[in-house]
$ cat structure-v4.txt   # compact mmCIF, C-alpha atoms and all ligand atoms
# COMPACT_ATOMS: atom_id res chain seq x y z
CA MET A 1449 104.22 -43.32 109.99
CA ASN A 1450 102.25 -45.08 107.32
CA PRO A 1451 104.76 -46.76 104.99
CA PHE A 1452 102.60 -45.86 101.99
CA TYR A 1453 103.19 -42.27 102.76
CA LEU A 1454 106.94 -42.34 102.24
CA PRO A 1455 107.06 -42.41 98.42
CA THR A 1456 104.99 -39.25 98.24
CA MET A 1457 107.60 -37.46 100.26
CA MET A 1458 110.47 -38.17 97.91
CA LYS A 1459 111.30 -35.23 95.78
CA SER A 1460 112.11 -35.80 92.16
CA ALA A 1461 111.18 -35.38 88.58
CA THR A 1462 110.21 -32.68 86.16
CA PRO A 1463 106.60 -31.66 85.56
CA ALA A 1464 106.65 -33.87 82.46
CA GLY A 1465 107.90 -36.76 84.54
CA VAL A 1466 105.17 -36.22 87.07
CA LEU A 1467 102.58 -36.08 84.32
CA SER A 1468 103.66 -39.37 82.84
CA ALA A 1469 103.87 -40.91 86.29
CA LEU A 1470 100.30 -39.78 86.79
CA LEU A 1471 99.19 -41.41 83.58
CA ILE A 1472 101.01 -44.59 84.45
CA SER A 1473 99.54 -44.72 87.90
CA PHE A 1474 96.06 -44.26 86.52
CA SER A 1475 96.44 -47.37 84.42
CA ALA A 1476 98.33 -49.28 87.06
CA ALA A 1477 95.92 -47.93 89.61
CA LEU A 1478 96.09 -50.64 92.23
CA MET A 1479 99.79 -51.32 92.01
CA SER A 1480 101.99 -49.32 94.29
CA SER A 1481 104.01 -47.34 91.83
CA PRO A 1482 106.35 -44.61 93.00
CA VAL A 1483 104.77 -41.24 93.34
CA GLN A 1484 106.36 -37.87 92.90
CA ALA A 1485 105.80 -34.90 95.09
CA GLN A 1486 107.60 -31.89 93.78
CA SER A 1487 108.75 -28.81 95.52
CA GLY A 1488 106.66 -25.74 94.92
CA GLU A 1489 103.42 -26.39 93.13
CA VAL A 1490 101.22 -29.15 94.50
CA VAL A 1491 100.22 -31.73 91.93
CA GLY A 1492 97.55 -34.22 92.87
CA ASN A 1493 98.15 -37.89 92.29
CA ALA A 1494 95.20 -40.24 92.28
CA ASP A 1495 97.30 -43.25 93.17
CA ALA A 1496 98.63 -41.50 96.25
CA GLY A 1497 95.11 -40.31 97.01
CA ARG A 1498 93.84 -43.85 97.03
CA LYS A 1499 96.19 -44.68 99.87
CA LYS A 1500 94.92 -41.74 101.86
CA ALA A 1501 91.26 -42.34 101.18
CA SER A 1502 90.75 -45.09 103.74
CA MET A 1503 89.50 -42.49 106.18
CA CYS A 1504 87.03 -41.06 103.64
CA ILE A 1505 85.55 -44.25 102.24
CA GLY A 1506 83.47 -45.07 105.28
CA CYS A 1507 81.43 -41.95 104.78
CA HIS A 1508 81.72 -40.90 101.17
CA GLN A 1509 81.62 -44.04 99.08
CA ILE A 1510 78.05 -45.08 99.70
CA PRO A 1511 75.14 -43.51 97.77
CA GLY A 1512 72.44 -42.34 100.11
CA TYR A 1513 74.58 -43.09 103.12
CA LYS A 1514 73.76 -41.41 106.39
CA ALA A 1515 76.24 -41.18 109.22
CA SER A 1516 74.91 -41.22 112.74
CA PHE A 1517 77.40 -39.28 114.79
CA PRO A 1518 77.06 -36.72 116.27
CA SER A 1519 73.57 -36.68 114.77
CA VAL A 1520 72.05 -38.37 111.76
CA TYR A 1521 73.10 -36.58 108.60
CA SER A 1522 73.50 -37.27 104.94
CA VAL A 1523 76.94 -37.57 103.43
CA PRO A 1524 77.39 -36.10 99.96
CA LEU A 1525 78.91 -38.27 97.27
CA ILE A 1526 82.16 -36.64 96.29
CA SER A 1527 83.34 -38.86 93.47
CA GLY A 1528 82.66 -37.30 90.10
CA GLN A 1529 82.73 -33.73 91.29
CA SER A 1530 85.51 -31.62 89.83
CA SER A 1531 88.93 -31.98 91.43
CA LYS A 1532 89.20 -28.24 91.87
CA TYR A 1533 85.91 -28.20 93.74
CA ILE A 1534 86.94 -31.03 96.04
CA GLU A 1535 90.33 -29.51 96.74
CA SER A 1536 88.90 -26.10 97.54
CA ALA A 1537 86.14 -27.62 99.67
CA LEU A 1538 88.74 -29.47 101.74
CA ALA A 1539 90.85 -26.34 102.08
CA ALA A 1540 87.77 -24.41 103.19
CA TYR A 1541 86.99 -26.97 105.90
CA LYS A 1542 90.58 -26.83 107.10
CA LYS A 1543 90.60 -23.06 107.13
CA GLY A 1544 87.23 -22.83 108.82
CA ASP A 1545 85.42 -21.16 105.91
CA ARG A 1546 83.24 -24.25 105.85
CA ASN A 1547 81.98 -25.27 109.17
CA HIS A 1548 80.92 -28.90 109.29
CA PRO A 1549 82.56 -30.30 112.45
CA THR A 1550 83.29 -33.76 111.07
CA MET A 1551 84.84 -32.51 107.87
CA ARG A 1552 86.72 -29.83 109.74
CA SER A 1553 88.49 -32.42 111.84
CA VAL A 1554 89.10 -34.66 108.83
CA ALA A 1555 90.47 -31.84 106.69
CA GLY A 1556 92.50 -30.46 109.57
CA SER A 1557 94.75 -33.50 109.37
CA LEU A 1558 95.36 -33.17 105.63
CA SER A 1559 98.28 -31.40 104.01
CA ALA A 1560 97.91 -29.49 100.76
CA GLN A 1561 99.46 -32.49 99.02
CA ASP A 1562 96.92 -34.83 100.65
CA MET A 1563 94.07 -32.65 99.46
CA ALA A 1564 95.42 -32.52 95.93
CA ASP A 1565 95.88 -36.28 95.87
CA LEU A 1566 92.39 -36.94 97.19
CA ALA A 1567 90.94 -34.44 94.74
CA ALA A 1568 92.77 -36.22 91.92
CA LEU A 1569 91.37 -39.53 93.08
CA TYR A 1570 87.75 -38.49 93.54
CA GLY A 1571 87.50 -35.71 91.01
CA SER A 1572 86.34 -36.19 87.47
CA LYS A 1573 88.91 -33.75 86.11
C1 LIG B 1601 82.47 -39.19 109.41
C2 LIG B 1601 82.05 -39.05 108.04
C3 LIG B 1601 82.99 -38.37 107.05
C4 LIG B 1601 84.32 -38.68 106.80
C5 LIG B 1601 85.19 -39.71 107.48
C6 LIG B 1601 84.73 -37.82 105.71
N1 LIG B 1601 83.70 -37.02 105.34
FE1 LIG B 1601 83.73 -35.57 103.86
N2 LIG B 1601 81.86 -35.00 104.38
C7 LIG B 1601 81.06 -35.58 105.34
C8 LIG B 1601 79.83 -34.81 105.45
C9 LIG B 1601 78.69 -35.10 106.41
C10 LIG B 1601 79.92 -33.74 104.53
C11 LIG B 1601 78.92 -32.61 104.30
C12 LIG B 1601 79.38 -31.49 105.20
C13 LIG B 1601 78.71 -30.17 104.97
O1 LIG B 1601 77.48 -30.13 104.87
O2 LIG B 1601 79.45 -29.16 104.89
C14 LIG B 1601 81.19 -33.90 103.85
C15 LIG B 1601 81.64 -33.07 102.85
C16 LIG B 1601 82.78 -33.28 102.10
C17 LIG B 1601 83.15 -32.54 100.94
C18 LIG B 1601 82.35 -31.41 100.31
C19 LIG B 1601 81.32 -32.03 99.40
C20 LIG B 1601 80.42 -31.05 98.74
O3 LIG B 1601 79.59 -31.49 97.94
O4 LIG B 1601 80.52 -29.84 99.00
C21 LIG B 1601 84.31 -33.05 100.48
C22 LIG B 1601 85.09 -32.60 99.26
C23 LIG B 1601 84.69 -34.12 101.38
N3 LIG B 1601 83.73 -34.25 102.35
C24 LIG B 1601 85.82 -34.90 101.25
C25 LIG B 1601 86.24 -35.85 102.19
C26 LIG B 1601 87.51 -36.53 102.13
C27 LIG B 1601 88.52 -36.35 101.01
C28 LIG B 1601 87.58 -37.33 103.22
C29 LIG B 1601 88.74 -38.21 103.70
C30 LIG B 1601 90.00 -37.53 103.88
C31 LIG B 1601 86.34 -37.18 103.97
N4 LIG B 1601 85.56 -36.24 103.30
C32 LIG B 1601 85.99 -37.84 105.13
C33 LIG B 1601 81.38 -36.70 106.07
C34 LIG B 1601 82.62 -37.32 106.14
$ encode --input "structure-v4.txt" --output "structure tokens"
Amino acid sequence: MNPFYLPTMMKSATPAGVLSALLISFSAALMSSPVQAQSGEVVGNADAGRKKASMCIGCHQIPGYKASFPSVYSVPLISGQSSKYIESALAAYKKGDRNHPTMRSVAGSLSAQDMADLAALYGSK
């Protein structure tokens, strides 16, 4: 298992604690600060998202980028879209409501927490 993944699995903290941890991790973005995942409601954490984004960057970080497998296609830029939109798009790929084969296999490997974290990272709000 990816060692970066472990902190996100530790349960702790109150919603207020999570919120301040979020704010701290925004400012300390590149440092590996501890990350809370709480039972129940899924709260996205951009810092955790950053550690999960390595598999997205190759396609989504580059303006105008076209991927070439299985055919040549354009990749939409996701940064700056709303977090809610990104999260629900990922959920729709996983569920099969959206049908792009590449994104379906990517999203299929993501948990709800992963999606929330990635949405927090890429989303504008
Ligand atoms: C192999 C290239 C590739 C990888 C890797 C990839 N994506 Fe995508 N992604 C695409 C393409 C192509 C689309 C457009 C699919 C469509 O038309 O439905 C897309 C669509 C999306 C959308 C919907 C965008 C919109 O405007 O509706 C989101 C959100 C998204 N990807 C997030 C991610 C995240 C998060 C990751 C990493 C976990 C990731 N993608 C990894 C190629 C990729």
$ residues_near_ligand --input "structure-v4.txt" --ligand "ligand LIG 1601 (chain B)" --cutoff "6 Å" --atoms "all atoms listed in the file" --output "MDAnalysis selection string"
chainID A and resid 1501 1503:1504 1507 1522:1524 1526 1534 1537:1538 1548 1550:1551 1554 1566
$ atom_distance --input "structure-v4.txt" --atom1 "CA of Ser1531 in chain A" --atom2 "CA of Pro1549 in chain A"
22.0 Å
$ closest_residue --input "structure-v4.txt" --among "A:Lys1542, A:Glu1535, A:Ala1494, A:Lys1500" --to "Ala1555 in chain A" --atoms "only C-alpha atoms"
A:Lys1542
$ atom_distance --input "structure-v4.txt" --atom1 "CA of Leu1569 in chain A" --atom2 "CA of Asn1547 in chain A"
23.5 Å
$ closest_residue --input "structure-v4.txt" --among "A:Glu1489, A:Ala1539, A:Gly1571, A:Gly1528" --to "Ser1557 in chain A" --atoms "all atoms listed in the file"
A:Ala1539
$ atom_distance --input "structure-v4.txt" --atom1 "CA of Ser1572 in chain A" --atom2 "CA of Ser1527 in chain A"
7.2 Å
$ build_atoms --input "structure-v4.txt" --residues "range 1535-1556 of chain A" --atoms "N, CA and C atoms" --output "PDB file, in the frame of the given file"
ATOM      1  N   GLU A1535      89.149 -30.057  96.079  1.00  0.00           N
ATOM      2  CA  GLU A1535      90.330 -29.510  96.740  1.00  0.00           C
ATOM      3  C   GLU A1535      89.973 -28.225  97.496  1.00  0.00           C
ATOM      4  N   SER A1536      89.200 -27.357  96.853  1.00  0.00           N
ATOM      5  CA  SER A1536      88.900 -26.100  97.540  1.00  0.00           C
ATOM      6  C   SER A1536      87.916 -26.319  98.685  1.00  0.00           C
ATOM      7  N   ALA A1537      87.036 -27.316  98.556  1.00  0.00           N
ATOM      8  CA  ALA A1537      86.140 -27.620  99.670  1.00  0.00           C
ATOM      9  C   ALA A1537      86.944 -28.090 100.880  1.00  0.00           C
ATOM     10  N   LEU A1538      87.913 -28.966 100.636  1.00  0.00           N
ATOM     11  CA  LEU A1538      88.740 -29.470 101.740  1.00  0.00           C
ATOM     12  C   LEU A1538      89.525 -28.337 102.381  1.00  0.00           C
ATOM     13  N   ALA A1539      90.089 -27.476 101.546  1.00  0.00           N
ATOM     14  CA  ALA A1539      90.850 -26.340 102.080  1.00  0.00           C
ATOM     15  C   ALA A1539      89.942 -25.438 102.911  1.00  0.00           C
ATOM     16  N   ALA A1540      88.702 -25.272 102.459  1.00  0.00           N
ATOM     17  CA  ALA A1540      87.770 -24.410 103.190  1.00  0.00           C
ATOM     18  C   ALA A1540      87.389 -25.011 104.544  1.00  0.00           C
ATOM     19  N   TYR A1541      87.256 -26.342 104.598  1.00  0.00           N
ATOM     20  CA  TYR A1541      86.990 -26.970 105.900  1.00  0.00           C
ATOM     21  C   TYR A1541      88.192 -26.759 106.815  1.00  0.00           C
ATOM     22  N   LYS A1542      89.378 -26.966 106.271  1.00  0.00           N
ATOM     23  CA  LYS A1542      90.580 -26.830 107.100  1.00  0.00           C
ATOM     24  C   LYS A1542      90.709 -25.402 107.632  1.00  0.00           C
ATOM     25  N   LYS A1543      90.434 -24.461 106.759  1.00  0.00           N
ATOM     26  CA  LYS A1543      90.600 -23.060 107.130  1.00  0.00           C
ATOM     27  C   LYS A1543      89.488 -22.572 108.061  1.00  0.00           C
ATOM     28  N   GLY A1544      88.342 -23.252 107.996  1.00  0.00           N
ATOM     29  CA  GLY A1544      87.230 -22.830 108.820  1.00  0.00           C
ATOM     30  C   GLY A1544      86.192 -22.030 108.041  1.00  0.00           C
ATOM     31  N   ASP A1545      86.412 -21.847 106.736  1.00  0.00           N
ATOM     32  CA  ASP A1545      85.420 -21.160 105.910  1.00  0.00           C
ATOM     33  C   ASP A1545      84.167 -22.032 105.752  1.00  0.00           C
ATOM     34  N   ARG A1546      84.372 -23.328 105.773  1.00  0.00           N
ATOM     35  CA  ARG A1546      83.240 -24.250 105.850  1.00  0.00           C
ATOM     36  C   ARG A1546      83.244 -24.810 107.243  1.00  0.00           C
ATOM     37  N   ASN A1547      82.066 -25.081 107.745  1.00  0.00           N
ATOM     38  CA  ASN A1547      81.980 -25.270 109.170  1.00  0.00           C
ATOM     39  C   ASN A1547      81.516 -26.623 109.666  1.00  0.00           C
ATOM     40  N   HIS A1548      81.403 -27.607 108.797  1.00  0.00           N
ATOM     41  CA  HIS A1548      80.920 -28.900 109.290  1.00  0.00           C
ATOM     42  C   HIS A1548      81.953 -29.518 110.230  1.00  0.00           C
ATOM     43  N   PRO A1549      81.563 -29.848 111.470  1.00  0.00           N
ATOM     44  CA  PRO A1549      82.560 -30.300 112.450  1.00  0.00           C
ATOM     45  C   PRO A1549      83.297 -31.562 112.033  1.00  0.00           C
ATOM     46  N   THR A1550      82.606 -32.530 111.457  1.00  0.00           N
ATOM     47  CA  THR A1550      83.290 -33.760 111.070  1.00  0.00           C
ATOM     48  C   THR A1550      84.330 -33.487 109.999  1.00  0.00           C
ATOM     49  N   MET A1551      83.902 -32.769 108.960  1.00  0.00           N
ATOM     50  CA  MET A1551      84.840 -32.510 107.870  1.00  0.00           C
ATOM     51  C   MET A1551      85.950 -31.565 108.306  1.00  0.00           C
ATOM     52  N   ARG A1552      85.659 -30.706 109.254  1.00  0.00           N
ATOM     53  CA  ARG A1552      86.720 -29.830 109.740  1.00  0.00           C
ATOM     54  C   ARG A1552      87.818 -30.656 110.404  1.00  0.00           C
ATOM     55  N   SER A1553      87.437 -31.649 111.190  1.00  0.00           N
ATOM     56  CA  SER A1553      88.490 -32.420 111.840  1.00  0.00           C
ATOM     57  C   SER A1553      89.184 -33.335 110.835  1.00  0.00           C
ATOM     58  N   VAL A1554      88.452 -33.850 109.859  1.00  0.00           N
ATOM     59  CA  VAL A1554      89.100 -34.660 108.830  1.00  0.00           C
ATOM     60  C   VAL A1554      90.094 -33.806 108.042  1.00  0.00           C
ATOM     61  N   ALA A1555      89.622 -32.671 107.546  1.00  0.00           N
ATOM     62  CA  ALA A1555      90.470 -31.840 106.690  1.00  0.00           C
ATOM     63  C   ALA A1555      91.635 -31.241 107.471  1.00  0.00           C
ATOM     64  N   GLY A1556      91.435 -31.037 108.756  1.00  0.00           N
ATOM     65  CA  GLY A1556      92.500 -30.460 109.570  1.00  0.00           C
ATOM     66  C   GLY A1556      93.747 -31.315 109.593  1.00  0.00           C
TER      67      GLY A1556
END
